[in-house]
>>> print(open('start_0.txt').read())   # compact mmCIF, C-alpha atoms and all ligand atoms
# COMPACT_ATOMS: atom_id res chain seq x y z
CA MET P 6 126.29 145.33 82.55
CA LYS P 7 129.54 144.29 81.03
CA ILE P 8 131.13 141.61 83.15
CA ALA P 9 134.55 140.00 82.73
CA MET P 10 135.32 136.58 84.10
CA LEU P 11 138.95 135.69 84.68
CA ALA P 12 139.09 131.97 84.00
CA ARG P 13 141.13 129.56 82.00
CA ASN P 14 138.67 126.93 80.92
CA ALA P 15 135.44 128.26 79.38
CA ASN P 16 133.96 124.74 79.34
CA LEU P 17 133.93 124.14 83.08
CA TYR P 18 130.42 123.70 84.45
CA SER P 19 130.80 126.66 86.85
CA HIS P 20 131.97 128.96 84.08
CA ARG P 21 129.26 127.89 81.63
CA ARG P 22 126.62 128.45 84.31
CA LEU P 23 127.90 131.94 85.11
CA VAL P 24 127.79 132.87 81.41
CA GLU P 25 124.24 131.48 81.17
CA ALA P 26 123.08 133.26 84.32
CA ALA P 27 124.54 136.59 83.18
CA LYS P 28 122.89 136.28 79.76
CA ALA P 29 119.55 135.30 81.29
CA ARG P 30 119.63 138.52 83.29
CA GLY P 31 120.50 140.65 80.28
CA HIS P 32 124.23 141.12 80.87
CA GLU P 33 127.25 140.50 78.72
CA LEU P 34 129.85 138.19 80.19
CA GLU P 35 133.22 137.79 78.54
CA ILE P 36 135.55 134.99 79.57
CA ILE P 37 139.13 136.19 79.67
CA ASN P 38 141.96 133.72 79.91
CA THR P 39 143.87 134.97 82.93
CA LEU P 40 147.26 133.84 81.72
CA ARG P 41 146.86 135.52 78.34
CA CYS P 42 146.36 138.96 79.86
CA TYR P 43 149.30 141.30 79.81
CA MET P 44 149.71 144.79 81.10
CA ASN P 45 151.89 147.80 81.36
CA ILE P 46 152.12 148.13 85.10
CA ALA P 47 154.18 151.30 84.99
CA SER P 48 151.50 153.20 83.09
CA ARG P 49 149.64 155.87 85.03
CA ARG P 50 146.46 154.88 83.27
CA PRO P 51 146.18 151.22 84.18
CA GLU P 52 145.07 148.96 81.37
CA VAL P 53 144.89 145.26 80.59
CA TRP P 54 145.75 143.91 77.17
CA TYR P 55 144.47 140.72 75.63
CA ASN P 56 145.05 139.21 72.19
CA GLY P 57 146.57 142.41 70.82
CA GLU P 58 143.82 144.68 72.08
CA LYS P 59 143.26 146.86 75.08
CA LEU P 60 140.36 145.45 77.09
CA PRO P 61 137.29 147.69 77.22
CA ARG P 62 135.94 149.04 80.46
CA PHE P 63 134.04 146.40 82.47
CA ASP P 64 131.54 147.05 85.25
CA ALA P 65 132.62 144.02 87.25
CA VAL P 66 135.08 141.16 87.20
CA ILE P 67 134.49 137.62 88.45
CA PRO P 68 137.85 136.15 89.40
CA ARG P 69 137.93 132.37 88.96
CA ILE P 70 141.65 132.01 89.45
CA GLY P 71 142.92 128.46 89.76
CA ALA P 72 145.18 127.67 92.71
CA SER P 73 148.08 126.89 90.38
CA VAL P 74 148.02 130.38 88.84
CA THR P 75 147.35 132.41 91.99
CA PHE P 76 150.45 134.58 91.69
CA TYR P 77 149.90 135.84 88.16
CA GLY P 78 146.11 135.70 88.43
CA LEU P 79 146.10 138.04 91.41
CA ALA P 80 148.38 140.48 89.58
CA VAL P 81 145.88 140.58 86.69
CA LEU P 82 142.98 141.04 89.11
CA ARG P 83 144.82 143.87 90.88
CA GLN P 84 145.20 145.62 87.56
CA PHE P 85 141.41 145.48 87.07
CA GLU P 86 141.00 146.84 90.60
CA MET P 87 143.37 149.72 89.84
CA MET P 88 141.15 150.53 86.88
CA GLY P 89 138.24 150.76 89.31
CA VAL P 90 136.47 147.62 88.07
CA TYR P 91 134.36 146.01 90.81
CA PRO P 92 135.77 142.58 91.78
CA VAL P 93 133.37 139.96 93.11
CA ASN P 94 136.18 138.93 95.45
CA GLU P 95 139.06 141.32 96.02
CA SER P 96 142.62 140.28 95.28
CA VAL P 97 143.71 140.77 98.89
CA ALA P 98 140.90 138.53 100.17
CA ILE P 99 141.72 135.80 97.65
CA GLY P 100 145.38 136.05 98.64
CA ARG P 101 144.45 135.54 102.31
CA SER P 102 142.33 132.50 101.54
CA ARG P 103 145.01 130.90 99.36
CA ASP P 104 147.49 130.92 102.20
CA LYS P 105 146.22 128.20 104.54
CA LEU P 106 148.31 129.30 107.51
CA ARG P 107 147.45 132.95 107.11
CA SER P 108 143.75 132.25 106.83
CA MET P 109 143.76 129.95 109.84
CA GLN P 110 145.62 132.58 111.87
CA LEU P 111 143.01 135.18 110.93
CA LEU P 112 140.09 132.83 111.64
CA ALA P 113 141.61 131.85 114.99
CA ARG P 114 142.05 135.51 115.93
CA ASP P 115 138.34 136.04 115.34
CA GLY P 116 137.46 133.10 117.58
CA ILE P 117 136.18 130.86 114.79
CA GLY P 118 136.33 127.13 115.57
CA LEU P 119 139.23 125.32 113.90
CA PRO P 120 140.74 121.87 114.23
CA VAL P 121 143.90 122.01 116.37
CA THR P 122 146.53 122.71 113.73
CA THR P 123 150.30 122.78 114.10
CA PHE P 124 153.14 123.70 111.83
CA ALA P 125 156.90 123.94 111.93
CA HIS P 126 159.58 124.60 109.40
CA ASP P 127 162.38 122.69 111.01
CA PRO P 128 162.18 118.89 110.50
CA LYS P 129 163.73 118.45 113.97
CA GLN P 130 160.40 119.61 115.39
CA THR P 131 158.39 116.80 113.77
CA GLU P 132 157.70 114.91 116.99
CA GLU P 133 156.70 118.08 118.79
CA VAL P 134 154.37 119.08 115.97
CA ILE P 135 152.61 115.70 116.17
CA ARG P 136 152.40 115.93 119.95
CA LEU P 137 150.97 119.48 119.84
CA ALA P 138 148.30 118.33 117.38
CA GLY P 139 147.19 115.81 119.98
CA GLY P 140 149.20 112.78 118.82
CA ALA P 141 148.08 110.00 116.47
CA PRO P 142 145.77 109.56 114.72
CA VAL P 143 146.66 112.81 113.07
CA VAL P 144 145.96 114.37 109.67
CA VAL P 145 148.99 115.59 107.73
CA LYS P 146 148.29 118.09 104.96
CA LEU P 147 150.26 119.74 102.25
CA LEU P 148 149.93 123.50 102.58
CA GLU P 149 149.48 123.84 98.85
CA GLY P 150 147.19 120.84 98.29
CA THR P 151 143.73 120.95 96.72
CA GLN P 152 140.99 118.42 96.04
CA GLY P 153 142.16 116.21 98.86
CA ILE P 154 145.51 115.47 97.25
CA GLY P 155 148.21 115.55 99.89
CA VAL P 156 145.84 114.96 102.83
CA VAL P 157 146.93 111.88 104.75
CA LEU P 158 145.55 110.25 107.86
CA ALA P 159 148.36 108.77 109.92
CA ASP P 160 147.13 106.19 112.45
CA THR P 161 150.26 105.95 114.51
CA GLU P 162 152.91 108.39 115.62
CA ARG P 163 155.47 106.39 113.69
CA SER P 164 153.56 106.61 110.41
CA ALA P 165 152.87 110.32 111.02
CA LYS P 166 156.59 110.87 111.42
CA SER P 167 157.45 109.05 108.22
CA VAL P 168 154.74 110.84 106.24
CA ILE P 169 155.96 114.22 107.49
CA GLU P 170 159.56 113.31 106.72
CA ALA P 171 158.63 112.11 103.23
CA PHE P 172 156.77 115.34 102.46
CA ARG P 173 159.61 117.40 103.88
CA GLY P 174 162.10 115.43 101.81
CA ALA P 175 160.09 116.42 98.74
CA GLY P 176 160.56 120.04 99.76
CA VAL P 177 156.91 120.86 100.45
CA ASN P 178 155.35 122.58 103.45
CA ILE P 179 152.95 120.64 105.62
CA MET P 180 150.77 121.08 108.67
CA ALA P 181 149.52 118.54 111.18
CA GLN P 182 145.94 118.59 112.31
CA GLU P 183 143.79 116.95 114.95
CA PHE P 184 141.77 114.16 113.30
CA ILE P 185 138.06 114.88 113.70
CA ARG P 186 136.94 111.26 113.80
CA GLU P 187 133.35 112.10 114.73
CA ALA P 188 132.89 113.86 111.36
CA GLY P 189 132.66 110.29 110.01
CA GLY P 190 134.21 111.02 106.64
CA SER P 191 131.74 113.82 105.90
CA ASP P 192 132.09 117.55 105.74
CA ILE P 193 129.77 120.48 105.19
CA ARG P 194 130.22 123.04 102.47
CA ALA P 195 128.28 126.25 102.96
CA LEU P 196 128.09 128.61 100.00
CA VAL P 197 128.21 132.19 101.21
CA ILE P 198 127.22 135.08 98.94
CA GLY P 199 127.12 138.64 100.23
CA GLY P 200 127.14 137.61 103.89
CA LYS P 201 124.37 135.00 103.57
CA VAL P 202 124.48 131.21 103.31
CA VAL P 203 122.62 130.53 100.04
CA ALA P 204 123.09 126.75 99.96
CA ALA P 205 124.70 123.99 101.98
CA MET P 206 125.64 120.46 101.15
CA GLN P 207 127.09 117.54 102.99
CA ARG P 208 129.85 115.67 101.22
CA SER P 209 130.61 112.12 102.23
CA GLY P 210 133.66 110.14 101.27
CA ALA P 211 133.57 106.88 99.35
CA LYS P 212 133.52 103.78 101.59
CA GLY P 213 136.66 103.52 103.71
CA GLU P 214 137.79 107.03 102.74
CA PHE P 215 138.05 109.79 105.37
CA ARG P 216 138.29 112.51 102.71
CA SER P 217 134.94 113.66 101.42
CA ASN P 218 136.16 115.48 98.29
CA LEU P 219 133.92 114.93 95.27
CA HIS P 220 137.11 114.59 93.23
CA ARG P 221 138.04 111.63 95.44
CA GLY P 222 134.80 109.76 94.73
CA GLY P 223 132.72 111.40 97.45
CA SER P 224 129.02 112.16 97.06
CA ALA P 225 127.01 115.25 97.94
CA LYS P 226 123.53 115.91 99.23
CA ALA P 227 121.66 118.98 100.42
CA VAL P 228 121.82 119.41 104.19
CA LYS P 229 120.10 121.57 106.74
CA ILE P 230 122.78 123.29 108.74
CA THR P 231 122.51 124.44 112.34
CA PRO P 232 122.37 128.13 113.27
CA GLU P 233 125.88 127.77 114.71
CA GLU P 234 127.19 126.35 111.43
CA ARG P 235 125.49 129.14 109.51
CA ALA P 236 126.98 131.79 111.79
CA THR P 237 130.43 130.19 111.55
CA ALA P 238 130.34 130.16 107.73
CA ILE P 239 129.24 133.79 107.58
CA ARG P 240 131.90 134.90 110.06
CA ALA P 241 134.63 132.98 108.22
CA ALA P 242 133.70 134.70 104.94
CA LYS P 243 133.68 138.07 106.67
CA THR P 244 137.02 137.51 108.40
CA LEU P 245 138.72 136.76 105.10
CA GLY P 246 136.79 139.51 103.30
CA LEU P 247 135.27 137.20 100.69
CA ASN P 248 131.90 138.11 99.15
CA VAL P 249 131.51 134.76 97.42
CA CYS P 250 133.05 131.63 98.90
CA GLY P 251 132.60 128.04 99.94
CA VAL P 252 133.27 127.42 103.63
CA ASP P 253 134.25 123.83 104.43
CA MET P 254 133.47 122.72 107.95
CA LEU P 255 133.64 119.51 109.94
CA ARG P 256 131.02 118.59 112.54
CA SER P 257 133.16 118.07 115.63
CA ASN P 258 132.19 117.27 119.22
CA HIS P 259 133.03 120.87 120.05
CA GLY P 260 130.88 122.41 117.31
CA PRO P 261 131.68 123.29 113.70
CA VAL P 262 135.36 123.65 112.83
CA VAL P 263 136.44 125.37 109.63
CA MET P 264 138.92 123.51 107.44
CA GLU P 265 139.14 125.81 104.53
CA VAL P 266 137.51 128.76 102.80
CA ASN P 267 137.49 128.52 99.01
CA SER P 268 137.32 131.75 97.04
CA SER P 269 136.39 130.07 93.73
CA PRO P 270 133.92 127.42 94.84
CA GLY P 271 132.83 124.91 92.22
CA LEU P 272 129.14 125.27 91.37
CA GLU P 273 128.37 121.86 89.92
CA GLY P 274 128.26 119.82 93.14
CA VAL P 275 126.29 122.37 95.10
CA GLU P 276 123.80 123.29 92.35
CA LYS P 277 123.10 119.64 91.59
CA ALA P 278 122.81 118.64 95.24
CA THR P 279 120.58 121.53 96.29
CA GLY P 280 118.78 122.49 93.08
CA ARG P 281 119.64 126.14 93.79
CA ASP P 282 120.65 128.61 91.10
CA ILE P 283 123.94 129.71 92.64
CA ALA P 284 125.27 131.23 89.41
CA GLY P 285 122.15 133.41 89.28
CA LYS P 286 122.73 134.49 92.87
CA ILE P 287 126.31 135.53 92.07
CA ILE P 288 125.11 137.65 89.15
CA GLU P 289 122.38 139.12 91.37
CA PHE P 290 125.04 140.01 93.93
CA ILE P 291 127.00 141.83 91.22
CA GLU P 292 123.90 143.74 90.13
CA LYS P 293 123.37 144.96 93.68
CA ASN P 294 126.97 145.80 94.50
CA ALA P 295 129.03 146.63 91.43
CA LYS P 296 129.84 150.29 91.32
CA ASP P 297 132.69 152.01 89.63
CA GLY P 298 135.64 152.43 91.92
CA LYS P 299 133.93 150.47 94.71
CA THR P 300 136.90 148.36 95.54
CA ARG P 301 138.59 148.85 98.85
CA THR P 302 141.87 147.51 97.55
CA LYS P 303 142.13 149.96 94.68
CA GLY P 304 145.72 150.97 94.55
CA LYS P 305 146.52 149.35 97.88
CA GLY P 306 148.79 146.42 98.75
P1 LIG P 401 141.66 119.98 100.21
O1 LIG P 401 141.77 121.45 100.40
O2 LIG P 401 142.78 119.38 99.44
O3 LIG P 401 140.29 119.55 99.80
P2 LIG P 401 140.99 119.46 102.92
O4 LIG P 401 141.78 120.04 104.00
O5 LIG P 401 139.67 120.08 102.59
O6 LIG P 401 141.89 119.36 101.63
O7 LIG P 401 140.76 117.90 103.24
C1 LIG P 401 140.13 117.01 102.37
C2 LIG P 401 139.07 116.17 103.09
O8 LIG P 401 139.66 115.39 104.13
C3 LIG P 401 138.04 117.04 103.81
O9 LIG P 401 136.98 117.38 102.95
C4 LIG P 401 137.59 116.15 104.96
O10 LIG P 401 136.57 115.27 104.55
C5 LIG P 401 138.84 115.37 105.29
N1 LIG P 401 139.58 116.01 106.40
C6 LIG P 401 140.48 117.02 106.29
N2 LIG P 401 140.97 117.39 107.46
C7 LIG P 401 140.38 116.60 108.39
C8 LIG P 401 140.49 116.50 109.81
N3 LIG P 401 141.31 117.29 110.51
N4 LIG P 401 139.74 115.56 110.44
C9 LIG P 401 138.90 114.76 109.73
N5 LIG P 401 138.76 114.80 108.40
C10 LIG P 401 139.50 115.70 107.71
>>> encode(input="start_0.txt", output="structure tokens")
Amino acid sequence: MKIAMLARNANLYSHRRLVEAAKARGHELEIINTLRCYMNIASRRPEVWYNGEKLPRFDAVIPRIGASVTFYGLAVLRQFEMMGVYPVNESVAIGRSRDKLRSMQLLARDGIGLPVTTFAHDPKQTEEVIRLAGGAPVVVKLLEGTQGIGVVLADTERSAKSVIEAFRGAGVNIMAQEFIREAGGSDIRALVIGGKVVAAMQRSGAKGEFRSNLHRGGSAKAVKITPEERATAIRAAKTLGLNVCGVDMLRSNHGPVVMEVNSSPGLEGVEKATGRDIAGKIIEFIEKNAKDGKTRTKGKG
């Protein structure tokens, strides 16, 4: 098969592994820099151009679109979809997962466990938002944050109020969330591919750190998850319509709660912690599912 991967940095571990895995299985994988693609969107025969040439027909596309280029990246991916190229994750599904409020609303509608989460636009509602989230200690998060940046634990109502006001003053959107203390600075990431959990790891924060992000000095190890956690991860992926994703959950007193679903999960942490060949599993998924024109979002909003 001829596979395209929309990515910006060919040297990232995840991207190198996907190239390796595709080659090992006899496929051709071309890395295409998302931001260098251009297209004539008014053409009736959709095409994508790259470095002065029209891109050839691919059998599948692996979107690895960074959060900072979501808007343009999804437009490029949609163009591939309009051409009938099979996307590992569809543009609409990625769009849902990139909008934290939208994805939490969808997950809540499907009865998936979530931390109590509150949000308001008007700064006058700050106290109410903190109260609705259960009061201090409370976690305040930037809506557009990644890798734990912009996630703050406020111990008192007063500090929560000042953090929220500071973020607001900087013109960014935030949400307040019940602090799941019993998670003990650890979270679970379950890697879901094609409706199955193929690997799971537990990430634990550095000493004195409630955020378990590997980018924040956390460490990862393989973990056996409970049937309830497995079911929650699979349902979360299904609700958002993602074929490949990382579902981040906290172990709360009232069962697993989903924090986030990541449509371009990093492979390094999970492959190293579990010894599983996740890149190979993604390629295998493509082999089983990629068919011309098999994209539900073809030509749709
Ligand atoms: P990001 O998307 O930036 O990684 P997250 O929402 O995943 O932000 O939060 C980063 C880390 O902070 C999580 O991995 C988790 O360890 C911790 N965390 C986030 N929200 C909560 C919460 N409500 N209660 C307890 N810990 C939390």
>>> residues_near_ligand(input="start_0.txt", ligand="ligand LIG 401 (chain P)", cutoff="6 Å", atoms="all atoms listed in the file", output="tab-separated table (two decimals) with C-alpha atoms, in the frame of the given file")
chain	number	residue	atom	x	y	z
P	120	PRO	CA	140.74	121.87	114.23
P	144	VAL	CA	145.96	114.37	109.67
P	150	GLY	CA	147.19	120.84	98.29
P	151	THR	CA	143.73	120.95	96.72
P	152	GLN	CA	140.99	118.42	96.04
P	153	GLY	CA	142.16	116.21	98.86
P	154	ILE	CA	145.51	115.47	97.25
P	156	VAL	CA	145.84	114.96	102.83
P	182	GLN	CA	145.94	118.59	112.31
P	183	GLU	CA	143.79	116.95	114.95
P	184	PHE	CA	141.77	114.16	113.30
P	185	ILE	CA	138.06	114.88	113.70
P	186	ARG	CA	136.94	111.26	113.80
P	190	GLY	CA	134.21	111.02	106.64
P	191	SER	CA	131.74	113.82	105.90
P	192	ASP	CA	132.09	117.55	105.74
P	215	PHE	CA	138.05	109.79	105.37
P	216	ARG	CA	138.29	112.51	102.71
P	217	SER	CA	134.94	113.66	101.42
P	218	ASN	CA	136.16	115.48	98.29
P	264	MET	CA	138.92	123.51	107.44
>>> atom_distance(input="start_0.txt", atom1="CA of Ala12 in chain P", atom2="CA of Leu111 in chain P")
27.4 Å
>>> residues_around(input="start_0.txt", residues="Ser108 in chain P", least_positions_apart="2", cutoff="12 Å", atoms="only C-alpha atoms", output="PyMOL selection string")
chain P and resi 97-106+110-115+117+119+148+241-247+252+263-268
>>> write_last_selection(input="start_0.txt", atoms="C-alpha atoms", output="PDB file, in the frame of the given file")
ATOM      1  CA  VAL P  97     143.710 140.770  98.890  1.00  0.00           C
ATOM      2  CA  ALA P  98     140.900 138.530 100.170  1.00  0.00           C
ATOM      3  CA  ILE P  99     141.720 135.800  97.650  1.00  0.00           C
ATOM      4  CA  GLY P 100     145.380 136.050  98.640  1.00  0.00           C
ATOM      5  CA  ARG P 101     144.450 135.540 102.310  1.00  0.00           C
ATOM      6  CA  SER P 102     142.330 132.500 101.540  1.00  0.00           C
ATOM      7  CA  ARG P 103     145.010 130.900  99.360  1.00  0.00           C
ATOM      8  CA  ASP P 104     147.490 130.920 102.200  1.00  0.00           C
ATOM      9  CA  LYS P 105     146.220 128.200 104.540  1.00  0.00           C
ATOM     10  CA  LEU P 106     148.310 129.300 107.510  1.00  0.00           C
ATOM     11  CA  GLN P 110     145.620 132.580 111.870  1.00  0.00           C
ATOM     12  CA  LEU P 111     143.010 135.180 110.930  1.00  0.00           C
ATOM     13  CA  LEU P 112     140.090 132.830 111.640  1.00  0.00           C
ATOM     14  CA  ALA P 113     141.610 131.850 114.990  1.00  0.00           C
ATOM     15  CA  ARG P 114     142.050 135.510 115.930  1.00  0.00           C
ATOM     16  CA  ASP P 115     138.340 136.040 115.340  1.00  0.00           C
ATOM     17  CA  ILE P 117     136.180 130.860 114.790  1.00  0.00           C
ATOM     18  CA  LEU P 119     139.230 125.320 113.900  1.00  0.00           C
ATOM     19  CA  LEU P 148     149.930 123.500 102.580  1.00  0.00           C
ATOM     20  CA  ALA P 241     134.630 132.980 108.220  1.00  0.00           C
ATOM     21  CA  ALA P 242     133.700 134.700 104.940  1.00  0.00           C
ATOM     22  CA  LYS P 243     133.680 138.070 106.670  1.00  0.00           C
ATOM     23  CA  THR P 244     137.020 137.510 108.400  1.00  0.00           C
ATOM     24  CA  LEU P 245     138.720 136.760 105.100  1.00  0.00           C
ATOM     25  CA  GLY P 246     136.790 139.510 103.300  1.00  0.00           C
ATOM     26  CA  LEU P 247     135.270 137.200 100.690  1.00  0.00           C
ATOM     27  CA  VAL P 252     133.270 127.420 103.630  1.00  0.00           C
ATOM     28  CA  VAL P 263     136.440 125.370 109.630  1.00  0.00           C
ATOM     29  CA  MET P 264     138.920 123.510 107.440  1.00  0.00           C
ATOM     30  CA  GLU P 265     139.140 125.810 104.530  1.00  0.00           C
ATOM     31  CA  VAL P 266     137.510 128.760 102.800  1.00  0.00           C
ATOM     32  CA  ASN P 267     137.490 128.520  99.010  1.00  0.00           C
ATOM     33  CA  SER P 268     137.320 131.750  97.040  1.00  0.00           C
TER      34      SER P 268
END
>>> closest_atom_pairs(input="start_0.txt", of="range 264-284 of chain P", to="range 49-68 of chain P", cutoff="12 Å", atoms="only C-alpha atoms", output="CSV")
residue,atom,partner,partner_atom,distance
P:Ser268,CA,P:Pro68,CA,8.8
P:Ser269,CA,P:Pro68,CA,7.6
P:Pro270,CA,P:Pro68,CA,11.0
P:Ala284,CA,P:Ile67,CA,11.3
>>> residues_around(input="start_0.txt", residues="range 161-169 of chain P", least_positions_apart="2", cutoff="6 Å", atoms="only C-alpha atoms", output="ChimeraX atom specification")
/P:141-142,159,171-172
>>> atom_distance(input="start_0.txt", atom1="CA of Ala181 in chain P", atom2="CA of Asp253 in chain P")
17.5 Å
>>> residues_near_point(input="start_0.txt", point="(122.4, 136.8, 80.9)", cutoff="12 Å", atoms="only C-alpha atoms", output="list in words")
Met6, Lys7, Ile8, Arg21, Arg22, Leu23, Val24, Glu25, Ala26, Ala27, Lys28, Ala29, Arg30, Gly31, His32, Glu33, Leu34, Glu35, Ala284, Gly285, Ile287, Ile288, Glu289 and Glu292 of chain P
>>> closest_residue(input="start_0.txt", among="P:Met109, P:Ile36, P:Val145, P:Asn178", to="Pro128 in chain P", atoms="only C-alpha atoms")
P:Asn178
>>> residues_around(input="start_0.txt", residues="Lys226 in chain P", least_positions_apart="2", cutoff="9 Å", atoms="only C-alpha atoms", output="list of chain:residue names")
P:Ala205, P:Met206, P:Gln207, P:Arg208, P:Ser209, P:Ser224, P:Val228, P:Gly274, P:Val275, P:Lys277, P:Ala278, P:Thr279
>>> write_last_selection(input="start_0.txt", atoms="C-alpha atoms", output="JSON list (two decimals), in the coordinates of the input")
[["chain", "number", "residue", "atom", "x", "y", "z"],
["P", 205, "ALA", "CA", 124.70, 123.99, 101.98],
["P", 206, "MET", "CA", 125.64, 120.46, 101.15],
["P", 207, "GLN", "CA", 127.09, 117.54, 102.99],
["P", 208, "ARG", "CA", 129.85, 115.67, 101.22],
["P", 209, "SER", "CA", 130.61, 112.12, 102.23],
["P", 224, "SER", "CA", 129.02, 112.16, 97.06],
["P", 228, "VAL", "CA", 121.82, 119.41, 104.19],
["P", 274, "GLY", "CA", 128.26, 119.82, 93.14],
["P", 275, "VAL", "CA", 126.29, 122.37, 95.10],
["P", 277, "LYS", "CA", 123.10, 119.64, 91.59],
["P", 278, "ALA", "CA", 122.81, 118.64, 95.24],
["P", 279, "THR", "CA", 120.58, 121.53, 96.29]]
>>> atom_distance(input="start_0.txt", atom1="CA of Leu79 in chain P", atom2="CA of Ser96 in chain P")
5.7 Å
